[in-house]
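K.L.:
Next comes work05.cif, mmCIF, C-alpha atoms and all ligand atoms:
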```
data_work
loop_
_atom_site.label_atom_id
_atom_site.label_comp_id
_atom_site.auth_asym_id
_atom_site.auth_seq_id
_atom_site.Cartn_x
_atom_site.Cartn_y
_atom_site.Cartn_z
CA MET A 1 48.99 52.57 175.80
CA ARG A 2 45.36 52.00 174.83
CA ASP A 3 45.11 48.75 172.89
CA ILE A 4 45.45 45.63 174.99
CA ALA A 5 45.37 42.05 173.73
CA ILE A 6 44.62 39.33 176.27
CA VAL A 7 45.45 35.69 175.54
CA GLY A 8 43.04 33.57 177.59
CA GLY A 9 39.53 34.35 178.78
CA GLY A 10 39.69 32.38 182.03
CA PRO A 11 39.33 34.12 185.40
CA ALA A 12 42.66 35.99 185.12
CA GLY A 13 42.17 37.26 181.55
CA ALA A 14 38.45 37.99 181.82
CA LEU A 15 38.70 40.01 185.04
CA CYS A 16 41.75 41.90 183.78
CA GLY A 17 39.86 42.70 180.56
CA GLU A 18 36.75 43.85 182.42
CA ARG A 19 38.75 46.23 184.61
CA LEU A 20 40.70 47.69 181.67
CA ALA A 21 37.66 48.15 179.42
CA THR A 22 35.82 49.89 182.28
CA HIS A 23 38.67 52.44 182.29
CA GLY A 24 38.47 53.12 178.58
CA PHE A 25 41.09 50.71 177.20
CA ARG A 26 40.36 48.92 173.91
CA VAL A 27 40.62 45.29 174.89
CA THR A 28 40.46 42.12 172.80
CA ILE A 29 40.30 38.80 174.64
CA PHE A 30 41.35 35.77 172.57
CA ASP A 31 40.32 32.36 173.86
CA GLU A 32 40.29 29.16 171.84
CA ARG A 33 37.19 27.94 173.70
CA LEU A 34 35.71 30.94 175.53
CA ALA A 35 33.46 29.62 178.36
CA TRP A 36 34.20 25.92 178.85
CA GLU A 37 34.22 23.24 181.55
CA LYS A 38 37.88 23.53 182.48
CA PRO A 39 38.96 20.63 184.74
CA CYS A 40 38.73 22.18 188.21
CA GLY A 41 37.16 21.85 191.66
CA GLY A 42 35.56 25.26 191.12
CA GLY A 43 35.81 26.17 194.82
CA LEU A 44 36.05 29.84 195.79
CA THR A 45 37.13 30.62 199.34
CA HIS A 46 35.78 33.51 201.36
CA LYS A 47 38.71 35.77 200.45
CA ALA A 48 37.62 35.55 196.79
CA ILE A 49 33.99 36.26 197.67
CA GLU A 50 35.01 39.16 199.88
CA ALA A 51 37.12 40.72 197.11
CA TYR A 52 34.58 39.99 194.33
CA PRO A 53 31.09 39.88 195.93
CA PHE A 54 29.37 39.53 192.53
CA LEU A 55 30.52 35.87 192.65
CA LEU A 56 28.01 35.28 195.43
CA GLU A 57 25.34 37.78 194.49
CA GLY A 58 24.59 36.73 190.88
CA SER A 59 21.79 34.36 189.92
CA GLN A 60 24.09 31.84 188.18
CA PRO A 61 23.85 28.26 189.54
CA LYS A 62 26.41 27.55 192.26
CA LYS A 63 26.67 25.52 195.44
CA ILE A 64 27.24 27.19 198.80
CA VAL A 65 28.95 24.66 201.03
CA HIS A 66 29.14 25.06 204.82
CA THR A 67 30.40 21.63 205.92
CA ALA A 68 33.78 20.03 205.23
CA GLU A 69 35.24 16.65 206.11
CA LEU A 70 38.95 15.84 206.29
CA ILE A 71 40.03 12.20 206.05
CA SER A 72 43.49 10.97 207.07
CA GLY A 73 45.55 8.34 205.26
CA GLY A 74 44.52 5.86 207.97
CA GLY A 75 40.82 6.62 207.50
CA HIS A 76 40.23 8.92 210.51
CA ARG A 77 37.58 11.52 209.78
CA ALA A 78 36.83 14.98 211.11
CA ARG A 79 33.74 16.85 210.00
CA PHE A 80 33.36 20.55 210.80
CA GLU A 81 31.31 23.61 209.95
CA MET A 82 33.40 26.23 208.14
CA SER A 83 33.36 29.76 209.58
CA ARG A 84 32.63 31.10 206.08
CA PRO A 85 31.12 28.96 203.31
CA ILE A 86 32.97 27.93 200.17
CA VAL A 87 31.15 28.80 196.94
CA ILE A 88 31.53 26.18 194.20
CA TYR A 89 30.87 26.79 190.52
CA ALA A 90 30.93 24.64 187.40
CA ARG A 91 33.72 26.29 185.44
CA LYS A 92 31.62 26.78 182.33
CA VAL A 93 29.25 28.87 184.44
CA LEU A 94 32.03 30.80 186.21
CA ASN A 95 33.97 31.52 183.01
CA GLY A 96 30.73 32.52 181.24
CA LEU A 97 29.85 34.92 184.06
CA LEU A 98 33.31 36.55 183.98
CA LEU A 99 33.42 36.79 180.18
CA ASP A 100 29.92 38.31 180.07
CA ARG A 101 31.05 40.97 182.51
CA ALA A 102 34.13 41.67 180.35
CA VAL A 103 32.04 41.97 177.17
CA ASN A 104 29.47 44.17 178.92
CA ALA A 105 32.33 46.44 180.00
CA GLY A 106 33.37 46.81 176.34
CA CYS A 107 35.85 43.98 175.61
CA ALA A 108 35.78 42.15 172.30
CA ALA A 109 35.86 38.39 172.94
CA VAL A 110 37.23 36.41 170.01
CA ARG A 111 37.04 32.63 169.88
CA SER A 112 40.44 31.87 168.41
CA ARG A 113 43.73 30.18 169.29
CA VAL A 114 46.74 32.46 169.55
CA THR A 115 49.73 30.75 167.96
CA THR A 116 52.49 33.38 168.07
CA VAL A 117 53.29 36.46 170.11
CA ASP A 118 56.09 38.85 169.13
CA THR A 119 56.92 41.52 171.70
CA ASN A 120 60.13 42.81 170.08
CA GLY A 121 58.78 45.71 168.00
CA ASP A 122 57.07 48.98 168.96
CA LYS A 123 53.75 47.18 168.81
CA VAL A 124 53.02 43.68 170.03
CA ARG A 125 52.12 41.37 167.13
CA LEU A 126 50.15 38.22 167.66
CA THR A 127 48.62 35.67 165.35
CA ALA A 128 45.19 34.32 166.15
CA GLY A 129 43.31 31.99 163.82
CA GLY A 130 45.81 32.79 161.06
CA GLU A 131 45.22 36.57 161.32
CA ASP A 132 47.66 39.23 162.52
CA HIS A 133 46.67 41.48 165.38
CA ARG A 134 48.57 44.46 166.82
CA SER A 135 48.36 45.96 170.27
CA ASP A 136 50.34 48.15 172.69
CA PHE A 137 50.50 45.49 175.38
CA VAL A 138 49.73 41.77 175.71
CA VAL A 139 48.41 40.01 178.80
CA LEU A 140 49.30 36.31 178.81
CA ALA A 141 46.61 34.54 180.80
CA GLY A 142 46.55 31.24 178.91
CA GLY A 143 46.73 28.98 181.98
CA ALA A 144 49.15 26.30 183.13
CA ARG A 145 49.77 24.90 179.66
CA ASN A 146 50.63 28.30 178.24
CA GLN A 147 53.38 28.01 175.60
CA LEU A 148 53.70 31.71 174.76
CA LEU A 149 56.74 32.82 176.72
CA PRO A 150 58.31 36.11 175.59
CA GLY A 151 61.46 36.61 177.65
CA THR A 152 60.71 34.02 180.32
CA THR A 153 60.99 30.31 181.06
CA ALA A 154 58.35 27.60 181.06
CA LEU A 155 57.32 26.09 184.41
CA GLY A 156 59.48 23.04 185.12
CA THR A 157 58.43 19.54 186.25
CA LYS A 158 58.95 20.53 189.88
CA ASP A 159 56.59 23.50 189.46
CA LEU A 160 53.65 21.43 188.26
CA GLU A 161 51.08 19.00 189.61
CA VAL A 162 49.13 16.49 187.63
CA THR A 163 45.41 16.18 188.35
CA LEU A 164 42.94 13.45 187.41
CA GLY A 165 39.28 13.44 188.20
CA TYR A 166 35.64 12.86 187.34
CA PHE A 167 32.61 15.07 186.94
CA VAL A 168 29.89 12.94 188.52
CA PRO A 169 26.17 13.72 188.00
CA THR A 170 25.00 13.36 191.61
CA GLU A 171 24.17 15.64 194.55
CA GLU A 172 26.06 16.12 197.79
CA ASP A 173 26.37 18.88 200.40
CA ILE A 174 29.71 18.14 202.04
CA LEU A 175 33.14 19.03 200.71
CA LYS A 176 35.64 16.21 201.36
CA VAL A 177 39.43 16.15 201.33
CA LYS A 178 41.45 12.98 201.86
CA PHE A 179 45.21 12.74 202.47
CA LEU A 180 47.33 9.72 201.61
CA LYS A 181 50.34 8.43 203.50
CA GLN A 182 53.68 9.97 202.41
CA PHE A 183 52.02 11.63 199.43
CA GLU A 184 52.40 15.23 198.26
CA GLY A 185 48.86 15.94 197.18
CA TYR A 186 45.34 14.92 198.13
CA LEU A 187 41.97 13.64 196.95
CA TRP A 188 38.87 15.81 196.91
CA SER A 189 35.14 15.74 196.34
CA PHE A 190 33.65 19.19 195.66
CA PRO A 191 29.85 19.37 195.39
CA ARG A 192 28.48 21.66 192.68
CA ALA A 193 24.93 22.73 191.78
CA ASP A 194 24.09 19.49 189.94
CA HIS A 195 27.23 17.34 190.04
CA LEU A 196 30.47 16.63 191.92
CA SER A 197 34.02 17.32 190.89
CA VAL A 198 36.04 14.45 192.37
CA GLY A 199 39.78 14.32 191.83
CA ILE A 200 43.36 13.78 192.89
CA CYS A 201 46.40 16.03 192.58
CA ALA A 202 50.04 15.04 192.96
CA LYS A 203 53.47 16.46 192.20
CA LEU A 204 54.34 15.77 188.57
CA GLY A 205 56.65 12.78 188.19
CA GLN A 206 56.27 11.50 191.78
CA SER A 207 53.54 8.88 191.16
CA PRO A 208 52.70 6.97 187.98
CA THR A 209 49.35 7.89 186.45
CA GLN A 210 48.00 4.35 187.00
CA ALA A 211 48.72 4.65 190.74
CA LEU A 212 46.89 7.98 190.88
CA ARG A 213 43.94 6.51 189.01
CA ARG A 214 43.84 3.60 191.50
CA HIS A 215 43.83 6.00 194.49
CA LEU A 216 41.06 7.98 192.83
CA ASP A 217 38.92 4.91 192.12
CA ASP A 218 39.47 3.63 195.70
CA PHE A 219 38.33 7.00 197.04
CA VAL A 220 35.22 6.91 194.86
CA ASP A 221 34.43 3.40 196.20
CA GLU A 222 35.09 4.34 199.84
CA GLU A 223 32.87 7.40 199.61
CA LYS A 224 30.20 5.36 197.77
CA ILE A 225 29.96 7.91 194.96
CA PRO A 226 27.55 6.62 192.28
CA MET A 227 29.56 6.76 189.06
CA ALA A 228 26.84 6.36 186.41
CA GLY A 229 27.40 9.01 183.74
CA ALA A 230 30.73 10.17 185.24
CA LYS A 231 33.14 11.94 182.87
CA PHE A 232 36.91 11.61 183.30
CA TYR A 233 39.25 14.63 183.16
CA SER A 234 42.93 15.41 183.52
CA HIS A 235 44.87 18.69 183.59
CA MET A 236 48.04 20.37 184.83
CA LEU A 237 48.08 22.65 187.84
CA PRO A 238 50.98 24.93 188.77
CA SER A 239 52.51 24.09 192.14
CA PRO A 240 55.42 26.51 192.13
CA GLN A 241 58.58 26.07 194.15
CA ALA A 242 59.70 29.00 196.32
CA ALA A 243 62.56 29.82 193.93
CA THR A 244 60.15 29.96 190.99
CA ILE A 245 57.79 32.32 192.82
CA ARG A 246 60.75 34.48 193.82
CA GLY A 247 62.74 34.45 190.59
CA ARG A 248 60.61 33.80 187.53
CA LYS A 249 60.15 36.78 185.22
CA ILE A 250 56.44 37.43 184.75
CA ALA A 251 56.47 40.85 183.06
CA GLY A 252 58.45 42.80 180.45
CA ARG A 253 58.25 46.10 178.58
CA ASN A 254 54.99 45.35 176.78
CA TRP A 255 53.81 42.05 178.21
CA ALA A 256 52.83 40.46 181.53
CA MET A 257 51.49 37.14 182.74
CA ALA A 258 48.57 36.58 185.10
CA GLY A 259 46.90 33.61 186.80
CA ASP A 260 48.21 30.08 186.22
CA ALA A 261 50.55 31.31 183.47
CA ALA A 262 52.33 33.37 186.15
CA ALA A 263 52.13 30.37 188.57
CA CYS A 264 49.83 32.30 190.92
CA VAL A 265 48.58 29.18 192.73
CA ASP A 266 48.72 28.10 196.38
CA PRO A 267 51.33 25.28 196.34
CA ILE A 268 49.64 23.50 199.28
CA THR A 269 45.93 23.62 198.47
CA GLY A 270 46.07 24.19 194.70
CA GLU A 271 43.74 27.17 195.10
CA GLY A 272 44.21 29.23 191.95
CA LEU A 273 40.91 30.96 191.23
CA TYR A 274 41.36 33.72 193.79
CA TYR A 275 44.96 34.31 192.70
CA ALA A 276 43.97 34.33 189.01
CA LEU A 277 41.30 36.96 189.66
CA ARG A 278 43.54 39.01 191.95
CA SER A 279 46.56 38.93 189.61
CA GLY A 280 44.37 39.97 186.64
CA ASP A 281 42.96 42.75 188.79
CA LEU A 282 46.39 43.96 190.00
CA LEU A 283 47.78 43.94 186.48
CA ALA A 284 44.82 45.99 185.26
CA GLN A 285 45.33 48.48 188.11
CA ALA A 286 49.02 48.84 187.25
CA LEU A 287 48.17 49.48 183.57
CA ILE A 288 45.37 51.91 184.42
CA GLU A 289 47.73 53.91 186.62
CA GLY A 290 50.37 53.88 183.88
CA HIS A 291 52.84 51.87 185.99
CA ALA A 292 52.86 48.48 184.26
CA HIS A 293 56.40 47.88 185.60
CA SER A 294 55.06 47.92 189.19
CA TYR A 295 52.91 44.80 188.64
CA PRO A 296 55.41 42.22 190.05
CA GLU A 297 55.83 44.36 193.21
CA ARG A 298 52.08 44.61 193.60
CA LEU A 299 51.80 40.82 193.35
CA GLN A 300 54.58 40.41 195.89
CA ALA A 301 52.84 42.72 198.36
CA ALA A 302 49.40 41.17 197.80
CA PHE A 303 50.20 37.45 198.02
CA SER A 304 53.44 36.20 196.37
CA ALA A 305 55.42 36.42 199.61
CA ASP A 306 52.79 34.28 201.34
CA LEU A 307 52.73 31.73 198.50
CA GLU A 308 56.53 31.59 198.64
CA PHE A 309 56.35 30.72 202.33
CA ALA A 310 53.66 28.10 201.57
CA ALA A 311 55.98 26.55 198.97
CA MET A 312 58.71 26.20 201.61
CA ILE A 313 56.46 24.27 204.02
CA ALA A 314 54.35 22.27 201.53
CA ARG A 315 56.50 19.14 201.58
CA LYS A 316 56.63 19.09 205.39
CA ILE A 317 52.86 19.37 205.65
CA PHE A 318 52.27 16.38 203.37
CA ARG A 319 55.22 14.21 204.41
CA GLY A 320 56.24 15.45 207.88
CA THR A 321 55.50 13.86 211.24
CA PHE A 322 54.36 15.23 214.60
CA LEU A 323 54.25 13.20 217.82
CA GLY A 324 55.15 10.06 215.86
CA GLY A 325 52.31 10.32 213.30
CA ALA A 326 51.83 12.02 209.94
CA ILE A 327 51.08 15.76 210.28
CA THR A 328 47.95 15.33 208.15
CA THR A 329 46.71 12.53 210.48
CA ARG A 330 47.42 14.61 213.59
CA MET A 331 45.57 17.48 211.94
CA VAL A 332 42.45 15.35 211.49
CA GLN A 333 42.70 14.11 215.11
CA LEU A 334 43.20 17.57 216.57
CA LEU A 335 40.24 18.82 214.57
CA ASN A 336 38.07 16.30 216.40
CA TYR A 337 39.40 16.97 219.86
CA SER A 338 40.44 20.62 220.07
CA PRO A 339 37.92 23.44 219.47
CA THR A 340 40.81 25.93 219.34
CA PHE A 341 42.53 23.99 216.56
CA ARG A 342 39.18 23.61 214.79
CA ASP A 343 38.78 27.41 214.72
CA LEU A 344 42.21 27.71 213.13
CA ILE A 345 41.42 25.17 210.39
CA ARG A 346 38.09 26.90 209.75
CA ASP A 347 40.00 30.11 209.09
CA VAL A 348 42.49 28.31 206.84
CA PHE A 349 39.58 26.92 204.81
CA SER A 350 37.88 30.28 204.52
CA GLY A 351 41.16 31.83 203.34
CA SER A 352 41.31 34.36 206.17
CA GLN A 353 44.40 32.75 207.76
CA ASP A 354 47.58 33.43 205.78
CA TYR A 355 50.56 31.07 205.93
CA ARG A 356 53.11 33.49 207.33
CA SER A 357 51.13 34.19 210.51
CA LEU A 358 49.93 30.56 210.78
CA LYS A 359 53.14 29.41 212.48
CA ARG A 360 52.87 32.11 215.17
CA ARG A 361 49.19 31.33 215.76
CA LEU A 362 49.99 27.61 216.08
CA TRP A 363 52.72 28.36 218.62
CA ASP A 364 50.56 30.81 220.56
CA GLN A 365 47.81 28.26 220.98
CA VAL A 366 49.82 25.03 221.20
CA GLY A 367 49.31 24.78 224.99
CA VAL A 368 45.54 25.18 224.83
CA THR A 369 45.29 22.81 221.85
CA MET A 370 47.23 20.05 223.62
CA LEU A 371 45.27 20.58 226.84
CA GLU A 372 41.98 20.23 224.97
CA PHE A 373 43.33 17.15 223.21
CA VAL A 374 44.46 15.50 226.47
CA ARG A 375 41.17 16.38 228.22
CA SER A 376 39.32 14.79 225.35
CA VAL A 377 41.48 11.64 225.49
CA PHE A 378 40.88 11.23 229.23
CA ARG A 379 37.17 11.78 229.06
CA PRO A 380 35.28 9.01 230.94
CA ARG A 381 35.04 5.69 229.15
CA GLY A 382 31.94 5.33 227.01
CA SER A 383 32.24 8.70 225.30
CA SER A 384 33.06 8.28 221.63
CA ALA A 385 36.01 10.71 221.85
CA TYR A 386 37.73 8.42 224.37
CA VAL A 387 37.36 5.34 222.17
CA ASP A 388 38.39 7.10 218.96
CA SER A 389 41.47 8.75 220.39
CA ARG A 390 42.77 5.53 221.93
CA GLU A 391 42.35 3.84 218.57
CA SER A 392 44.12 6.59 216.72
CA LEU A 393 47.16 7.13 218.94
C1 LIG B 1 41.73 19.61 188.56
C2 LIG B 1 41.89 20.99 189.09
C3 LIG B 1 41.14 21.40 190.20
C4 LIG B 1 41.22 22.72 190.66
N1 LIG B 1 40.40 23.11 191.68
C5 LIG B 1 40.45 24.39 192.11
C6 LIG B 1 39.53 24.85 193.10
O1 LIG B 1 38.64 24.13 193.55
N2 LIG B 1 39.64 26.14 193.53
C7 LIG B 1 40.59 26.98 193.02
O2 LIG B 1 40.67 28.13 193.46
N3 LIG B 1 41.43 26.58 192.03
C8 LIG B 1 41.37 25.33 191.56
N4 LIG B 1 42.19 24.93 190.53
C9 LIG B 1 43.07 25.93 189.91
C10 LIG B 1 42.28 26.80 188.90
O3 LIG B 1 41.56 25.95 188.02
C11 LIG B 1 43.23 27.68 188.11
O4 LIG B 1 44.14 28.27 188.99
C12 LIG B 1 42.49 28.77 187.33
O5 LIG B 1 41.65 28.22 186.35
C13 LIG B 1 43.49 29.71 186.68
O6 LIG B 1 42.80 30.65 185.90
P1 LIG B 1 43.52 31.31 184.63
O7 LIG B 1 42.58 32.32 184.11
O8 LIG B 1 44.91 31.70 184.98
O9 LIG B 1 43.71 30.10 183.60
P2 LIG B 1 42.63 29.14 182.94
O10 LIG B 1 41.41 29.06 183.76
O11 LIG B 1 43.34 27.89 182.62
O12 LIG B 1 42.22 29.90 181.60
C14 LIG B 1 43.12 29.97 180.52
C15 LIG B 1 42.32 30.19 179.26
O13 LIG B 1 43.22 30.43 178.20
C16 LIG B 1 42.77 29.79 177.03
N5 LIG B 1 43.96 29.58 176.20
C17 LIG B 1 45.08 28.90 176.53
N6 LIG B 1 45.99 28.99 175.54
C18 LIG B 1 45.41 29.72 174.57
C19 LIG B 1 45.85 30.17 173.28
N7 LIG B 1 47.09 29.88 172.80
N8 LIG B 1 45.01 30.92 172.53
C20 LIG B 1 43.78 31.22 172.98
N9 LIG B 1 43.31 30.83 174.19
C21 LIG B 1 44.13 30.10 174.97
C22 LIG B 1 42.10 28.52 177.53
O14 LIG B 1 41.10 28.08 176.62
C23 LIG B 1 41.49 28.98 178.86
O15 LIG B 1 40.14 29.37 178.73
C24 LIG B 1 42.13 23.63 190.05
C25 LIG B 1 42.89 23.21 188.96
C26 LIG B 1 42.77 21.91 188.47
C27 LIG B 1 43.59 21.50 187.29
#
```
I need this file expressed as structure tokens, please.
Ligand SMILES: Cc1cc2nc3c(=O)[nH]c(=O)nc-3n(C[C@H](O)[C@H](O)[C@H](O)COP(=O)(O)OP(=O)(O)OC[C@H]3O[C@@H](n4cnc5c(N)ncnc54)[C@H](O)[C@@H]3O)c2cc1C
P.N.:
Amino acid sequence: MRDIAIVGGGPAGALCGERLATHGFRVTIFDERLAWEKPCGGGLTHKAIEAYPFLLEGSQPKKIVHTAELISGGGHRARFEMSRPIVIYARKVLNGLLLDRAVNAGCAAVRSRVTTVDTNGDKVRLTAGGEDHRSDFVVLAGGARNQLLPGTTALGTKDLEVTLGYFVPTEEDILKVKFLKQFEGYLWSFPRADHLSVGICAKLGQSPTQALRRHLDDFVDEEKIPMAGAKFYSHMLPSPQAATIRGRKIAGRNWAMAGDAAACVDPITGEGLYYALRSGDLLAQALIEGHAHSYPERLQAAFSADLEFAAMIARKIFRGTFLGGAITTRMVQLLNYSPTFRDLIRDVFSGSQDYRSLKRRLWDQVGVTMLEFVRSVFRPRGSSAYVDSRESL
């Protein structure tokens, strides 16, 4: 198996191609746009930087963000320094960087739309720009809207989120996330090198687009974001259910999916860049070792089991209550009043805290967290913590 065709030159396809070409495979990456400004926040957590340090080390423009602010549905705010910074790229820059690395490693990058893929014969046949192409194996890394589905099913409505947003030409240093009451999704403002990506994500079919647009425009007003020159965007984002992560076929005899196409996205945060890179990497490793069939198991061991657990708790996090208030509101309050809880959220933001051990950590430290919270509430009158907590409870 030497000739590999890759549909999609985003993070999943480009990294997979780079790894394979480095090991002597003949790789052709087909992408209808090559490097482009894909609608995205562009935020890379520390786990991505740790696994792929070149994302931090290169000279390409990017923003390194140390401070985050969470805002509850009722308007409470908690600002904190993250234990590890988040690195934020414009996607055109990030995709360009990854594709350059793939081409330098020996991949051919073809700007062309793939319209058909046939995996039934000895060789895979695909059509790109009206021309036939043959390969031993095809990697499907065409993103969330991927329509090329040999032997598998498309993601359903319940596995997708809709996103709307703006690229705004202004500068900012703080990453902001706002929750809404009884709403499965959130608003964000991610600062980049010379603009912001501001947006909203929500489960597909749960809120009309006009309502999402209103929430987004309210957020922009509340945060006083200057909108001159802003460009609107909209895109789908996988938000897989547990059963989809567990049961969907993502690989066959001579094909496999990676990244968004394989629904490798955190169903709570929408983080997909790390999982796209990692899935492309794991698929390449499986092919290099001659064990393509082991790819789904490798994904499972690396992160699918954790994403499956995240999918099971996602709804509770956005819609659940704790001590009579929304979990997201309590989270913002605890961030302000409990240093122990703040450390936990810092680790969640940096990507070093996985979901499966989160529950145990929360239980282990619940006593200390509540004690810190109560101490903060009963601080002498006049301290801002006292006033804020009385207002919020
Ligand atoms: C609004 C929004 C905000 C997000 N913010 C973040 C964030 O801050 N951090 C984070 O980690 N993740 C974020 N994500 C998720 C992240 O964007 C994706 O998970 C990531 O881009 C997936 O990479 P990929 O390579 O699988 O697919 P993509 O990046 O979508 O790349 C797929 C590529 O395939 C090409 N293609 C598709 N079909 C064809 C075809 N038939 N022929 C040829 N080429 C084709 C496309 O042109 C594209 O370049 C966000 C997503 C959205 C929608």
K.L.:
With only C-alpha atoms and all ligand atoms counted and 6 Å as the cut-off, give the residues of chain A in contact with ligand LIG 1 (chain B), each with its shortest interatomic distance in Å and the pair that gives it, as JSON lines.
P.N.:
```
{"residue": "A:Val7", "atom": "CA", "partner": "B:LIG1", "partner_atom": "C20", "distance": 5.4}
{"residue": "A:Gly8", "atom": "CA", "partner": "B:LIG1", "partner_atom": "O13", "distance": 3.2}
{"residue": "A:Gly9", "atom": "CA", "partner": "B:LIG1", "partner_atom": "O15", "distance": 5.0}
{"residue": "A:Gly10", "atom": "CA", "partner": "B:LIG1", "partner_atom": "O7", "distance": 3.6}
{"residue": "A:Pro11", "atom": "CA", "partner": "B:LIG1", "partner_atom": "O7", "distance": 3.9}
{"residue": "A:Ala12", "atom": "CA", "partner": "B:LIG1", "partner_atom": "O7", "distance": 3.8}
{"residue": "A:Gly13", "atom": "CA", "partner": "B:LIG1", "partner_atom": "O7", "distance": 5.6}
{"residue": "A:Phe30", "atom": "CA", "partner": "B:LIG1", "partner_atom": "C20", "distance": 5.2}
{"residue": "A:Asp31", "atom": "CA", "partner": "B:LIG1", "partner_atom": "N9", "distance": 3.4}
{"residue": "A:Glu32", "atom": "CA", "partner": "B:LIG1", "partner_atom": "N9", "distance": 4.2}
{"residue": "A:Arg33", "atom": "CA", "partner": "B:LIG1", "partner_atom": "O14", "distance": 4.9}
{"residue": "A:Leu34", "atom": "CA", "partner": "B:LIG1", "partner_atom": "O15", "distance": 5.7}
{"residue": "A:Pro39", "atom": "CA", "partner": "B:LIG1", "partner_atom": "C1", "distance": 4.8}
{"residue": "A:Cys40", "atom": "CA", "partner": "B:LIG1", "partner_atom": "C3", "distance": 3.2}
{"residue": "A:Gly41", "atom": "CA", "partner": "B:LIG1", "partner_atom": "O1", "distance": 3.3}
{"residue": "A:Gly42", "atom": "CA", "partner": "B:LIG1", "partner_atom": "O1", "distance": 4.1}
{"residue": "A:Gly43", "atom": "CA", "partner": "B:LIG1", "partner_atom": "O1", "distance": 3.7}
{"residue": "A:Leu44", "atom": "CA", "partner": "B:LIG1", "partner_atom": "O2", "distance": 5.4}
{"residue": "A:Ser112", "atom": "CA", "partner": "B:LIG1", "partner_atom": "C20", "distance": 5.7}
{"residue": "A:Arg113", "atom": "CA", "partner": "B:LIG1", "partner_atom": "N8", "distance": 3.6}
{"residue": "A:Val114", "atom": "CA", "partner": "B:LIG1", "partner_atom": "N8", "distance": 3.8}
{"residue": "A:Thr115", "atom": "CA", "partner": "B:LIG1", "partner_atom": "N7", "distance": 5.6}
{"residue": "A:Ala141", "atom": "CA", "partner": "B:LIG1", "partner_atom": "O8", "distance": 5.3}
{"residue": "A:Gly142", "atom": "CA", "partner": "B:LIG1", "partner_atom": "O13", "distance": 3.5}
{"residue": "A:Gly143", "atom": "CA", "partner": "B:LIG1", "partner_atom": "O9", "distance": 3.6}
{"residue": "A:Asn146", "atom": "CA", "partner": "B:LIG1", "partner_atom": "N6", "distance": 5.4}
{"residue": "A:Thr163", "atom": "CA", "partner": "B:LIG1", "partner_atom": "C1", "distance": 5.0}
{"residue": "A:His235", "atom": "CA", "partner": "B:LIG1", "partner_atom": "C27", "distance": 4.8}
{"residue": "A:Met236", "atom": "CA", "partner": "B:LIG1", "partner_atom": "C27", "distance": 5.2}
{"residue": "A:Leu237", "atom": "CA", "partner": "B:LIG1", "partner_atom": "C27", "distance": 4.7}
{"residue": "A:Gly259", "atom": "CA", "partner": "B:LIG1", "partner_atom": "O8", "distance": 3.3}
{"residue": "A:Asp260", "atom": "CA", "partner": "B:LIG1", "partner_atom": "O8", "distance": 3.9}
{"residue": "A:Ala261", "atom": "CA", "partner": "B:LIG1", "partner_atom": "O8", "distance": 5.9}
{"residue": "A:Val265", "atom": "CA", "partner": "B:LIG1", "partner_atom": "O4", "distance": 5.9}
{"residue": "A:Gly270", "atom": "CA", "partner": "B:LIG1", "partner_atom": "N4", "distance": 5.7}
{"residue": "A:Glu271", "atom": "CA", "partner": "B:LIG1", "partner_atom": "O2", "distance": 3.6}
{"residue": "A:Gly272", "atom": "CA", "partner": "B:LIG1", "partner_atom": "O4", "distance": 3.1}
{"residue": "A:Leu273", "atom": "CA", "partner": "B:LIG1", "partner_atom": "O2", "distance": 3.6}
{"residue": "A:Tyr274", "atom": "CA", "partner": "B:LIG1", "partner_atom": "O2", "distance": 5.6}
{"residue": "A:Ala276", "atom": "CA", "partner": "B:LIG1", "partner_atom": "O8", "distance": 4.9}
```
K.L.:
Counting only C-alpha atoms, figure out which residue out of A:Leu299, A:Leu15, A:Ala35, A:Met370 gets nearest to Arg91 of chain A.
P.N.:
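Among A:Leu299, A:Leu15, A:Ala35, A:Met370, it is A:Ala35 that comes nearest to Arg91 of chain A.
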K.L.:
What lies within 9 Å of segment 219-231 of chain A using only C-alpha atoms, ignoring chain neighbours under 5 positions off, as a VMD selection string?
P.N.:
chain A and resid 165 to 170 178 187 to 189 198 214
K.L.:
I need the residue nearest Leu180 of chain A from this list: A:Gly351, A:Gly73, A:Gly252, A:Gly324. Use all atoms listed in the file for the distance.
P.N.:
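Using all atoms listed in the file, Leu180 of chain A sits closest to A:Gly73.
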K.L.:
Find the residue from A:Ala202, A:Leu362, A:Val348, A:Leu283 that sits nearest to Val162 of chain A; use all atoms listed in the file when measuring.
P.N.:
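For Val162 of chain A, the nearest of the given residues is A:Ala202.
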K.L.:
Could you give me the centre and size, in Å to one decimal, of an axis-aligned box around all listed atoms of segment 240-249 of chain A with 6 Å added on every side, as JSON?
P.N.:
```
{"center_x": 59.1, "center_y": 31.4, "center_z": 190.8, "size_x": 19.3, "size_y": 22.7, "size_z": 23.1}
```
K.L.:
Can you pull out the residues contacting Asp159 of chain A? Cut-off 6 Å, using all atoms listed in the file, and skip same-chain residues under 4 positions away; I want them as number ranges by chain.
P.N.:
A: 155, 238-241
K.L.:
At a cut-off of 10 Å around the point (36.0, 44.2, 178.4) (file coordinates), what residues fall inside when counting all atoms listed in the file? I'd like the answer as a PyMOL selection string.
P.N.:
chain A and resi 13-29+98-109
K.L.:
Which residue out of A:Gln210, A:Thr119, A:Ser72, A:Thr244 has the minimum interatomic distance to Leu160 of chain A when only C-alpha atoms are used?
P.N.:
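The closest residue to Leu160 of chain A is A:Thr244.
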